[in-house]
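The next block holds one structure in the form of structure tokens; read it before the comments.
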Amino acid sequence: MGTDSVGSEQRQPVMADVAKLAGVSHQTVSRVLNGAPHVRADTRERVLAAIRELDYRPNSAARALVTRRSQTLGVVSFDSTLYGPASMLDGIERAARSAGYFVSVTSLRSLDGRSVQEAVDRLRDQGVDGVVVIAPQTSAVSAVARLSSSVPLVAVGSGDQTRVPMVSVGNRSGAEAATRHLLDLGHRTVHHLAGPANWLESQDREEGWRRTLEAAGAPVPSVERGDWSARSGYQAGLRIAELTEATAVFCANDHMALGLLRALHEAGRSVPGDISVVGFDDIPEAGYFIPPLTTVRQDFGELGRRALELLVEELEGVQHSSTRVEIAPEMVLRRSVGPAGRR
């Protein structure tokens, strides 16, 4: 008797146990689990109560056979510890979990066409319902544009050059806001520390900066270019510090701004007394720089939510309200900027 009791306690409840406790057929339990309509409210509540009482967990493999859905989404990501791509991935994963999906991530070192296509094919072979491709580089954009896939696709951060639904942060508008803010403070022009030339974010932020200066009739200085790292920002900052006419700098990300701040400090140029500095991203440490960094914040959680929303619309065959979604960034004002002519 003792052995039977232990075995009974260890056995995982099955759908028949839920049906028996709720006083319904197993077909009714299945309809409730799959969200089918035409189940009476009181019946649905009895079934859900029985599921909670028994701590029943549906067999995902069996459920997939019925629904033809694995409830798993694939993500092709760039193998990077950079704050932007890493935060995009985190936002997508959080949104997927909230919507009841598992996530399978394939992280690539190279975003060329062959690598991206092979990654999508591997995820498709795993039975994912859809795929999100994080495409921050021009090579990734070309790869996404040529993708062949039988599962729905959504791209993140891939500009407007792909045929697949796309979600991105407003890099141009954020750069425009940062540059305009500095011009409004009386600075004659704004220097720019750009990111790598083959990154879409870098291209768009540089375009927004340049377009704003041209619209204001301000001089357009030569661009300094880094690789997103604080080290490259420091090296560019040593050159910028020698430009006595420079009173304002817009950096394409916060890490390069950090390196710039150190270079300016070592050169004896105060921030914001001599030079105002604005970054982009609003990394968690930005408010603790010396001085605290004015920057452009990206809402990566919202980016993940909207990317997932587009993908689910693809899965459900719903007509998209828009296949191009841009998440507006916002300026975060801190103490690294000030009016021109304070020296």
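Chain labels follow the order of the structure tokens: the first chain is A, the next B, and so on; residue numbering restarts at 1 in every chain, and ligands are counted from 1 in their shown order.
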Open item on the list: I want to know what sits within 12 Å of Leu310 in chain A, based on only C-alpha atoms, with residues of the same chain fewer than 3 positions away left out; could you give that as a PyMOL selection string?
Closed with: chain A and resi 92+95-96+130-132+152-156+164-167+303-307+313-325
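Backbone DSSP of range 106-156 of chain A yields strand (DSSP E) at Thr106, Ser107, Leu108, Gly130, Val131, Val132, Val133, Ile134, Leu153, Val154, Ala155 and Val156 of chain A.
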Open item on the list: as a VMD selection string, please: every residue in range 74-304 of chain A that DSSP puts in helix (DSSP H, G or I).
Closed with: chain A and resid 83 to 98 113 to 125 138 to 145 171 to 184 200 to 216 230 to 241 254 to 266 286 to 288 300 to 304
- [ ] Excluding Gly301 in chain A and residues on its chain fewer than 5 positions from it, collect all residues at most 12 Å away from it, counting only C-alpha atoms, and give them as JSON, numbers by chain.
- [x] {"A": [84, 86, 87, 88, 89, 90, 91, 92, 93, 94, 95, 96, 98, 168, 169, 306, 307, 308, 327]}
- [ ] Rank nothing, just name the residue among A:Glu206, A:Asp129, A:Glu330, A:Glu53 nearest to Val312 in chain A, using only C-alpha atoms.
- [x] A:Asp129
Open item on the list: From the options A:Val120, A:Ala267, A:Ala16, A:Leu82, which residue's atoms come nearest to Ala50 in chain A, counting only C-alpha atoms?
Closed with: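 Closest to Ala50 in chain A of all the choices is A:Ala16.
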